[in-house]
Each structure stands twice: as structure tokens, then as C-alpha cells.
Amino acid sequence: MKAETEAVTDDEWLLRRIRIEQFRTGRLPIISPNAFEPRIRGREPDTDGISFYRKACLDDVTDVLSTIAAERRHEFGIVQIPVSLVHALSLSVEIRIDGRVQGHVVIPELNSLAYAENKSRFTSMKERLAVAASEESNILVSPTPSA
């Protein structure tokens, strides 16, 4: 397991929590591109960029759900994307230790201010990330609808 302070390398994988609404059945890509857009409203807009977690820093991928209330964890899935794809999109990965879950990082270019200013600039990036996340081997945990 890597220390979360170690530099992020191209051979790593980034994990993202995805809400159940962003898993689309009968459509391709399965993961909605909107799963990779920053929050621009609400209490916590993504001013620093969208959050991911480094798989290499975790014992178990489900650790990324630990900040979600236990009764709501079933509403989230976990996908992985390669750091090499992030870099190929001319995006960067910055370590942002949050003290709650190991390996927290952000993609600073995908921030709420830049997104609100020019959403169309991000369309292709979001689509490429969604296609990668939708590969069967990259969907690590699927959400389950409540009964």
C-alpha cells in the first residue's frame, strides 16, 4: 500500500463514488458523463476540483464509502479510472489529504468556477472519463436500489 503523501504515478487507478442516478441501464456509456462534473451549487461546491481516491492507498475500495451514512451507502457505486487517462486529457491530480479517507485527491481543472463559466469545454473530458469508468472491469461496486 502506498503512503498518501507519495507522488501520484501514471500506473495508478483513481476511485470515484457515483450516485445510483448516474448508473444508466440500457445506455452507453453506462456511467453518465455528469458523474464527472463538479458541484456548482449547494453547501460544498467543488471549488478545488472533483474528488477521487487513490486505489493504491486503500486496503479496501469500499473504504471510500465510509463518509456516507451507513443507511445510504447502497445508493453509491465505485468506479475506477486510470491516472494515465487523466493525464492524457491534460488534467492533473493533486493530493488533498482530508483526514477521513486515505488517498484523497482532486482534479483541480474540473472545478466549479471553471465549469460554471464554460460547461461545453468539459463535455469531451466528461465523456472520455465516463466511457473508461463504464468498462465492466472498472465498475468495482454497483449501487443497489432500496426495496
# chains A, B, ... in the order shown; residues from 1 in each chain; ligands from 1
call {"tool": "residues_around", "arguments": {"residues": "region 65-71 of chain A", "least_positions_apart": "3", "cutoff": "10 Å", "atoms": "only C-alpha atoms", "output": "PDB file with C-alpha atoms, in the first residue's frame"}}
result
ATOM      1  CA  ARG A  16     -14.829   7.797  -7.662  1.00  0.00           C
ATOM      2  CA  ARG A  17     -18.076   7.391  -5.764  1.00  0.00           C
ATOM      3  CA  VAL A  61     -12.068   0.033  -2.210  1.00  0.00           C
ATOM      4  CA  THR A  62     -15.257   0.264  -0.161  1.00  0.00           C
ATOM      5  CA  HIS A  74     -26.266   1.205  -1.034  1.00  0.00           C
ATOM      6  CA  GLU A  75     -27.100   4.296  -3.163  1.00  0.00           C
ATOM      7  CA  PHE A  76     -23.474   4.620  -4.318  1.00  0.00           C
ATOM      8  CA  GLY A  77     -21.245   2.671  -6.630  1.00  0.00           C
ATOM      9  CA  ILE A  78     -17.490   2.865  -7.072  1.00  0.00           C
ATOM     10  CA  ARG A 100     -11.236  10.935   6.676  1.00  0.00           C
ATOM     11  CA  VAL A 101     -10.334   8.510   3.882  1.00  0.00           C
ATOM     12  CA  SER A 146     -33.676   0.246  -1.974  1.00  0.00           C
TER      13      SER A 146
END
call {"tool": "residues_around", "arguments": {"residues": "Pro45 (chain A)", "least_positions_apart": "6", "cutoff": "9 Å", "atoms": "only C-alpha atoms", "output": "PyMOL selection string"}}
result
chain A and resi 38-39+111-113
call {"tool": "closest_residue", "arguments": {"among": "A:Arg54, A:Arg128, A:His87, A:Arg73", "to": "Val105 (chain A)", "atoms": "only C-alpha atoms"}}
result
A:Arg54
call {"tool": "closest_residue", "arguments": {"among": "A:Phe122, A:Phe23, A:Tyr115, A:Tyr53", "to": "Gln80 (chain A)", "atoms": "only C-alpha atoms"}}
result
A:Tyr53
call {"tool": "residues_around", "arguments": {"residues": "Glu109 (chain A)", "least_positions_apart": "3", "cutoff": "9 Å", "atoms": "only C-alpha atoms", "output": "PyMOL selection string"}}
result
chain A and resi 48-50+91-92+106+114-115
call {"tool": "select_by_dssp", "arguments": {"residues": "chain A", "states": "helix (DSSP H, G or I)", "output": "PyMOL selection string"}}
result
chain A and resi 20-22+33-36+55-57+61-65+70-75+83-88+112-117+119-134+136-138
call {"tool": "write_last_selection", "arguments": {"atoms": "C-alpha atoms", "output": "PDB file, in the first residue's frame"}}
result
ATOM      1  CA  ILE A  20     -27.192   5.472  -8.251  1.00  0.00           C
ATOM      2  CA  GLU A  21     -28.808   8.013 -10.631  1.00  0.00           C
ATOM      3  CA  GLN A  22     -25.547   8.209 -12.594  1.00  0.00           C
ATOM      4  CA  PRO A  33     -20.740  11.810 -18.066  1.00  0.00           C
ATOM      5  CA  ASN A  34     -22.452  14.019 -15.455  1.00  0.00           C
ATOM      6  CA  ALA A  35     -20.830  11.848 -12.783  1.00  0.00           C
ATOM      7  CA  PHE A  36     -17.622  13.720 -13.597  1.00  0.00           C
ATOM      8  CA  LYS A  55      -6.735   2.831  -5.001  1.00  0.00           C
ATOM      9  CA  ALA A  56      -3.081   2.195  -4.106  1.00  0.00           C
ATOM     10  CA  CYS A  57      -3.599   3.955  -0.749  1.00  0.00           C
ATOM     11  CA  VAL A  61     -12.068   0.033  -2.210  1.00  0.00           C
ATOM     12  CA  THR A  62     -15.257   0.264  -0.161  1.00  0.00           C
ATOM     13  CA  ASP A  63     -13.378   2.490   2.296  1.00  0.00           C
ATOM     14  CA  VAL A  64     -14.359   5.394   0.001  1.00  0.00           C
ATOM     15  CA  LEU A  65     -17.948   4.930   1.186  1.00  0.00           C
ATOM     16  CA  ALA A  70     -24.451   3.627   6.570  1.00  0.00           C
ATOM     17  CA  GLU A  71     -28.136   3.587   5.601  1.00  0.00           C
ATOM     18  CA  ARG A  72     -27.334   5.395   2.320  1.00  0.00           C
ATOM     19  CA  ARG A  73     -24.208   3.515   1.184  1.00  0.00           C
ATOM     20  CA  HIS A  74     -26.266   1.205  -1.034  1.00  0.00           C
ATOM     21  CA  GLU A  75     -27.100   4.296  -3.163  1.00  0.00           C
ATOM     22  CA  VAL A  83      -4.339   8.176 -13.872  1.00  0.00           C
ATOM     23  CA  SER A  84      -2.800   7.833 -17.338  1.00  0.00           C
ATOM     24  CA  LEU A  85      -6.176   8.788 -18.875  1.00  0.00           C
ATOM     25  CA  VAL A  86      -6.444  11.835 -16.614  1.00  0.00           C
ATOM     26  CA  HIS A  87      -3.011  12.959 -17.766  1.00  0.00           C
ATOM     27  CA  ALA A  88      -3.855  12.180 -21.424  1.00  0.00           C
ATOM     28  CA  SER A 112     -16.963  24.564 -10.067  1.00  0.00           C
ATOM     29  CA  LEU A 113     -15.818  28.036 -11.138  1.00  0.00           C
ATOM     30  CA  ALA A 114     -14.304  26.925 -14.459  1.00  0.00           C
ATOM     31  CA  TYR A 115     -17.244  24.602 -15.130  1.00  0.00           C
ATOM     32  CA  ALA A 116     -19.883  27.278 -14.468  1.00  0.00           C
ATOM     33  CA  GLU A 117     -18.000  29.648 -16.779  1.00  0.00           C
ATOM     34  CA  LYS A 119     -19.592  23.914 -19.441  1.00  0.00           C
ATOM     35  CA  SER A 120     -19.112  22.958 -23.089  1.00  0.00           C
ATOM     36  CA  ARG A 121     -15.330  22.978 -22.604  1.00  0.00           C
ATOM     37  CA  PHE A 122     -15.698  19.959 -20.324  1.00  0.00           C
ATOM     38  CA  THR A 123     -18.093  17.858 -22.433  1.00  0.00           C
ATOM     39  CA  SER A 124     -15.428  15.773 -24.166  1.00  0.00           C
ATOM     40  CA  MET A 125     -13.454  15.221 -20.943  1.00  0.00           C
ATOM     41  CA  LYS A 126     -16.543  14.052 -19.048  1.00  0.00           C
ATOM     42  CA  GLU A 127     -17.466  11.693 -21.899  1.00  0.00           C
ATOM     43  CA  ARG A 128     -13.982  10.133 -22.032  1.00  0.00           C
ATOM     44  CA  LEU A 129     -13.972   9.630 -18.250  1.00  0.00           C
ATOM     45  CA  ALA A 130     -17.477   8.099 -18.377  1.00  0.00           C
ATOM     46  CA  VAL A 131     -16.524   5.686 -21.163  1.00  0.00           C
ATOM     47  CA  ALA A 132     -13.486   4.496 -19.197  1.00  0.00           C
ATOM     48  CA  ALA A 133     -15.468   4.193 -15.964  1.00  0.00           C
ATOM     49  CA  SER A 134     -18.169   2.210 -17.793  1.00  0.00           C
ATOM     50  CA  GLU A 136     -17.023  -3.719 -16.932  1.00  0.00           C
ATOM     51  CA  SER A 137     -13.684  -4.186 -15.178  1.00  0.00           C
ATOM     52  CA  ASN A 138     -13.773  -0.575 -13.949  1.00  0.00           C
TER      53      ASN A 138
END
call {"tool": "closest_residue", "arguments": {"among": "A:Ile107, A:Asp98, A:Asn118, A:Val141", "to": "Thr5 (chain A)", "atoms": "only C-alpha atoms"}}
result
A:Asp98
call {"tool": "atom_distance", "arguments": {"atom1": "CA of Val79 (chain A)", "atom2": "CA of Leu140 (chain A)"}}
result
5.5 Å
call {"tool": "atom_distance", "arguments": {"atom1": "CA of Gly26 (chain A)", "atom2": "CA of Glu135 (chain A)"}}
result
14.2 Å
call {"tool": "atom_distance", "arguments": {"atom1": "CA of Thr25 (chain A)", "atom2": "CA of Phe52 (chain A)"}}
result
23.6 Å
call {"tool": "select_by_dssp", "arguments": {"residues": "chain A", "states": "strand (DSSP E or B)", "output": "PyMOL selection string"}}
result
chain A and resi 13-19+23+31+50-54+76-82+94-95+104-107+139-141
call {"tool": "write_last_selection", "arguments": {"atoms": "C-alpha atoms", "output": "PDB file, in the first residue's frame"}}
result
ATOM      1  CA  TRP A  13      -6.033   3.987 -10.503  1.00  0.00           C
ATOM      2  CA  LEU A  14      -8.390   6.621  -9.131  1.00  0.00           C
ATOM      3  CA  LEU A  15     -11.672   5.690  -7.476  1.00  0.00           C
ATOM      4  CA  ARG A  16     -14.829   7.797  -7.662  1.00  0.00           C
ATOM      5  CA  ARG A  17     -18.076   7.391  -5.764  1.00  0.00           C
ATOM      6  CA  ILE A  18     -21.019   7.518  -8.143  1.00  0.00           C
ATOM      7  CA  ARG A  19     -24.639   8.018  -7.082  1.00  0.00           C
ATOM      8  CA  PHE A  23     -25.666   4.465 -13.396  1.00  0.00           C
ATOM      9  CA  ILE A  31     -21.875   5.749 -16.238  1.00  0.00           C
ATOM     10  CA  ILE A  50     -13.684  16.945  -8.148  1.00  0.00           C
ATOM     11  CA  SER A  51     -12.676  14.300  -5.632  1.00  0.00           C
ATOM     12  CA  PHE A  52     -11.208  10.885  -6.210  1.00  0.00           C
ATOM     13  CA  TYR A  53      -9.335   8.385  -4.036  1.00  0.00           C
ATOM     14  CA  ARG A  54      -6.125   6.562  -4.894  1.00  0.00           C
ATOM     15  CA  PHE A  76     -23.474   4.620  -4.318  1.00  0.00           C
ATOM     16  CA  GLY A  77     -21.245   2.671  -6.630  1.00  0.00           C
ATOM     17  CA  ILE A  78     -17.490   2.865  -7.072  1.00  0.00           C
ATOM     18  CA  VAL A  79     -15.688   3.113 -10.390  1.00  0.00           C
ATOM     19  CA  GLN A  80     -12.027   3.352 -11.257  1.00  0.00           C
ATOM     20  CA  ILE A  81     -10.217   5.288 -13.967  1.00  0.00           C
ATOM     21  CA  PRO A  82      -6.516   5.208 -14.787  1.00  0.00           C
ATOM     22  CA  GLU A  94      -3.305  16.812  -6.704  1.00  0.00           C
ATOM     23  CA  ILE A  95      -3.023  15.182  -3.302  1.00  0.00           C
ATOM     24  CA  HIS A 104      -7.947  11.679  -1.263  1.00  0.00           C
ATOM     25  CA  VAL A 105      -7.006  13.620  -4.403  1.00  0.00           C
ATOM     26  CA  VAL A 106      -8.653  16.181  -6.663  1.00  0.00           C
ATOM     27  CA  ILE A 107      -8.534  17.021 -10.338  1.00  0.00           C
ATOM     28  CA  ILE A 139     -17.124  -0.806 -12.160  1.00  0.00           C
ATOM     29  CA  LEU A 140     -15.930  -2.107  -8.809  1.00  0.00           C
ATOM     30  CA  VAL A 141     -19.119  -1.692  -6.768  1.00  0.00           C
TER      31      VAL A 141
END
call {"tool": "decode", "arguments": {"residues": "region 6-21 of chain A", "atoms": "N, CA and C atoms", "output": "short mmCIF file (atom, residue, chain, number, x, y, z; two decimals), in the first residue's frame"}}
result
data_model
loop_
_atom_site.label_atom_id
_atom_site.label_comp_id
_atom_site.auth_asym_id
_atom_site.auth_seq_id
_atom_site.Cartn_x
_atom_site.Cartn_y
_atom_site.Cartn_z
N GLU A 6 2.91 10.03 -1.04
CA GLU A 6 3.75 9.68 -2.19
C GLU A 6 3.17 10.28 -3.46
N ALA A 7 4.04 10.64 -4.37
CA ALA A 7 3.60 11.22 -5.65
C ALA A 7 2.67 10.26 -6.39
N VAL A 8 1.69 10.83 -7.06
CA VAL A 8 0.76 10.05 -7.87
C VAL A 8 1.45 9.71 -9.19
N THR A 9 1.36 8.43 -9.59
CA THR A 9 2.03 7.98 -10.80
C THR A 9 1.03 7.49 -11.84
N ASP A 10 1.46 7.47 -13.10
CA ASP A 10 0.60 7.09 -14.22
C ASP A 10 0.05 5.67 -14.14
N ASP A 11 0.70 4.80 -13.40
CA ASP A 11 0.24 3.41 -13.32
C ASP A 11 -0.82 3.18 -12.24
N GLU A 12 -1.25 4.24 -11.59
CA GLU A 12 -2.25 4.13 -10.53
C GLU A 12 -3.68 4.24 -11.07
N TRP A 13 -4.61 3.88 -10.21
CA TRP A 13 -6.03 3.99 -10.50
C TRP A 13 -6.67 4.94 -9.51
N LEU A 14 -7.62 5.72 -9.98
CA LEU A 14 -8.39 6.62 -9.13
C LEU A 14 -9.81 6.09 -8.99
N LEU A 15 -10.33 6.15 -7.78
CA LEU A 15 -11.67 5.69 -7.48
C LEU A 15 -12.60 6.88 -7.31
N ARG A 16 -13.82 6.74 -7.82
CA ARG A 16 -14.83 7.80 -7.66
C ARG A 16 -16.13 7.16 -7.21
N ARG A 17 -16.75 7.80 -6.20
CA ARG A 17 -18.08 7.39 -5.76
C ARG A 17 -19.08 7.95 -6.77
N ILE A 18 -20.01 7.12 -7.17
CA ILE A 18 -21.02 7.52 -8.14
C ILE A 18 -22.40 7.21 -7.57
N ARG A 19 -23.26 8.22 -7.56
CA ARG A 19 -24.64 8.02 -7.08
C ARG A 19 -25.42 7.13 -8.04
N ILE A 20 -26.39 6.44 -7.51
CA ILE A 20 -27.19 5.47 -8.25
C ILE A 20 -27.80 6.09 -9.51
N GLU A 21 -28.19 7.36 -9.47
CA GLU A 21 -28.81 8.01 -10.63
C GLU A 21 -27.85 8.13 -11.82
#
